[in-house]
Amino acid sequence: SPALQHVLRACAEAEAWEASLQLLSTKYPCDMTFAVDFLRCLPAEQWQMAVQALEDLASQEKEIDLMTYTSAIQAMFRAEQWRAAFKTFSEIQRWGPKPDLLCCSEILRGLLQITAVGDWHDRDLWRRAMDVLGYMEEETIQPYVLTLNLALEICKDCRALRPVFQIYEVIAPRVRPDPGTFEHLASTCVMAPGQ
């Protein structure tokens, strides 16, 4: 409702995240739009509140929609908490609602943000990108060029060069590669001559 949205904006401006979470977790009839807005406004250092919000909504037996889960995952990635984000992604794969193209793309976008920072310790993030692509294949979710480019860049940033070409061979026939796609391939060729 507009009143809830107004309260959320006021809490965000005052950085009163606990008040927002408390309002979200009350028995007050809350719509998922409020939850999504709360999660989108959440600063990185408050990422645990995204987990808490999902737990509170679930404990109230509210049906949590995919946009709310996706917004929580985005909040976790803003804080570079990719393990928590991937755990949430895995849970919704099992229990629903089933991730769609937007959710999968946001997972890839979050992984790319982590690899771009460069101060992460897990060079296996490209495997997580491959997991997302594998899920999309299983669920027959049609990728698009942004999905392709995100996955290529994650693999390239992780120095997993062989998967760059594997992803391209599998996905490129189903999407229309753009100049960014070929830029990723060309720079990978420079990094790994002969592959």
# chains A, B, ... in the order shown; residues from 1 in each chain; ligands from 1
>>> residues_around(residues="Cys158 in chain A", least_positions_apart="4", cutoff="9 Å", atoms="only C-alpha atoms", output="list in words")
Thr115, Asp122, Arg123, Asp124, Leu125, Trp126, Glu153 and Ile154 of chain A
>>> atom_distance(atom1="CA of Leu66 in chain A", atom2="CA of Pro97 in chain A")
5.8 Å
>>> residues_around(residues="Arg128 in chain A", least_positions_apart="2", cutoff="12 Å", atoms="only C-alpha atoms", output="VMD selection string")
chain A and resid 82 to 83 85 to 87 89 to 90 104 107 to 112 114 to 115 122 to 126 130 to 135 151 154 to 155 158 160
>>> select_by_dssp(residues="range 113-151 of chain A", states="alpha helix (DSSP H)", output="MDAnalysis selection string")
chainID A and resid 113:117 125:138 145:151
>>> write_last_selection(atoms="N, CA and C atoms", output="mmCIF file, in the first residue's frame")
data_model
loop_
_atom_site.group_PDB
_atom_site.id
_atom_site.type_symbol
_atom_site.label_atom_id
_atom_site.label_comp_id
_atom_site.auth_asym_id
_atom_site.auth_seq_id
_atom_site.Cartn_x
_atom_site.Cartn_y
_atom_site.Cartn_z
ATOM 1 N N GLN A 113 29.849 -9.298 -10.075
ATOM 2 C CA GLN A 113 30.259 -8.221 -9.169
ATOM 3 C C GLN A 113 31.352 -8.710 -8.216
ATOM 4 N N ILE A 114 31.205 -9.937 -7.739
ATOM 5 C CA ILE A 114 32.199 -10.492 -6.821
ATOM 6 C C ILE A 114 33.529 -10.718 -7.552
ATOM 7 N N THR A 115 33.470 -11.288 -8.747
ATOM 8 C CA THR A 115 34.720 -11.546 -9.471
ATOM 9 C C THR A 115 35.394 -10.243 -9.886
ATOM 10 N N ALA A 116 34.612 -9.198 -10.140
ATOM 11 C CA ALA A 116 35.178 -7.918 -10.568
ATOM 12 C C ALA A 116 35.916 -7.213 -9.436
ATOM 13 N N VAL A 117 35.514 -7.479 -8.200
ATOM 14 C CA VAL A 117 36.157 -6.845 -7.050
ATOM 15 C C VAL A 117 37.617 -7.269 -6.983
ATOM 16 N N LEU A 125 34.257 -19.485 -8.485
ATOM 17 C CA LEU A 125 32.958 -18.858 -8.734
ATOM 18 C C LEU A 125 32.448 -19.168 -10.144
ATOM 19 N N TRP A 126 33.360 -19.455 -11.050
ATOM 20 C CA TRP A 126 32.916 -19.807 -12.401
ATOM 21 C C TRP A 126 32.087 -21.092 -12.361
ATOM 22 N N ARG A 127 32.399 -21.964 -11.413
ATOM 23 C CA ARG A 127 31.601 -23.197 -11.282
ATOM 24 C C ARG A 127 30.162 -22.869 -10.874
ATOM 25 N N ARG A 128 30.003 -21.847 -10.050
ATOM 26 C CA ARG A 128 28.650 -21.426 -9.663
ATOM 27 C C ARG A 128 27.899 -20.892 -10.880
ATOM 28 N N ALA A 129 28.612 -20.182 -11.731
ATOM 29 C CA ALA A 129 27.986 -19.694 -12.972
ATOM 30 C C ALA A 129 27.556 -20.879 -13.837
ATOM 31 N N MET A 130 28.402 -21.895 -13.890
ATOM 32 C CA MET A 130 28.056 -23.097 -14.657
ATOM 33 C C MET A 130 26.848 -23.803 -14.034
ATOM 34 N N ASP A 131 26.758 -23.791 -12.700
ATOM 35 C CA ASP A 131 25.594 -24.378 -12.016
ATOM 36 C C ASP A 131 24.312 -23.660 -12.417
ATOM 37 N N VAL A 132 24.367 -22.340 -12.487
ATOM 38 C CA VAL A 132 23.192 -21.563 -12.883
ATOM 39 C C VAL A 132 22.799 -21.900 -14.317
ATOM 40 N N LEU A 133 23.786 -21.962 -15.200
ATOM 41 C CA LEU A 133 23.491 -22.313 -16.594
ATOM 42 C C LEU A 133 22.937 -23.732 -16.697
ATOM 43 N N GLY A 134 23.473 -24.640 -15.891
ATOM 44 C CA GLY A 134 22.958 -26.013 -15.870
ATOM 45 C C GLY A 134 21.517 -26.063 -15.400
ATOM 46 N N TYR A 135 21.202 -25.272 -14.378
ATOM 47 C CA TYR A 135 19.818 -25.193 -13.898
ATOM 48 C C TYR A 135 18.913 -24.662 -15.004
ATOM 49 N N MET A 136 19.359 -23.625 -15.685
ATOM 50 C CA MET A 136 18.558 -23.049 -16.769
ATOM 51 C C MET A 136 18.300 -24.082 -17.858
ATOM 52 N N GLU A 137 19.309 -24.866 -18.159
ATOM 53 C CA GLU A 137 19.166 -25.926 -19.168
ATOM 54 C C GLU A 137 18.145 -26.965 -18.711
ATOM 55 N N GLU A 138 18.256 -27.414 -17.450
ATOM 56 C CA GLU A 138 17.316 -28.404 -16.900
ATOM 57 C C GLU A 138 15.878 -27.922 -16.942
ATOM 58 N N VAL A 145 21.283 -12.912 -24.584
ATOM 59 C CA VAL A 145 22.676 -12.530 -24.788
ATOM 60 C C VAL A 145 23.315 -11.995 -23.503
ATOM 61 N N LEU A 146 22.570 -11.295 -22.667
ATOM 62 C CA LEU A 146 23.137 -10.809 -21.416
ATOM 63 C C LEU A 146 23.550 -11.978 -20.531
ATOM 64 N N THR A 147 22.731 -13.022 -20.466
ATOM 65 C CA THR A 147 23.059 -14.216 -19.687
ATOM 66 C C THR A 147 24.374 -14.810 -20.194
ATOM 67 N N LEU A 148 24.479 -14.933 -21.495
ATOM 68 C CA LEU A 148 25.688 -15.466 -22.122
ATOM 69 C C LEU A 148 26.901 -14.620 -21.751
ATOM 70 N N ASN A 149 26.787 -13.317 -21.913
ATOM 71 C CA ASN A 149 27.925 -12.431 -21.655
ATOM 72 C C ASN A 149 28.329 -12.414 -20.186
ATOM 73 N N LEU A 150 27.348 -12.468 -19.282
ATOM 74 C CA LEU A 150 27.674 -12.520 -17.852
ATOM 75 C C LEU A 150 28.472 -13.780 -17.532
ATOM 76 N N ALA A 151 28.004 -14.910 -18.031
ATOM 77 C CA ALA A 151 28.691 -16.184 -17.763
ATOM 78 C C ALA A 151 30.102 -16.183 -18.367
#
>>> atom_distance(atom1="CA of Ala172 in chain A", atom2="CA of Thr140 in chain A")
15.3 Å
>>> residues_around(residues="His184 in chain A", least_positions_apart="3", cutoff="9 Å", atoms="only C-alpha atoms", output="list in words")
Asn149, Leu152, Glu153, Lys156, Val164, Pro179, Gly180, Thr181, Ser187, Thr188 and Cys189 of chain A
>>> residues_around(residues="Leu54 in chain A", least_positions_apart="6", cutoff="8 Å", atoms="only C-alpha atoms", output="ChimeraX atom specification")
/A:64,69,72
>>> atom_distance(atom1="CA of Arg78 in chain A", atom2="CA of Arg40 in chain A")
10.0 Å
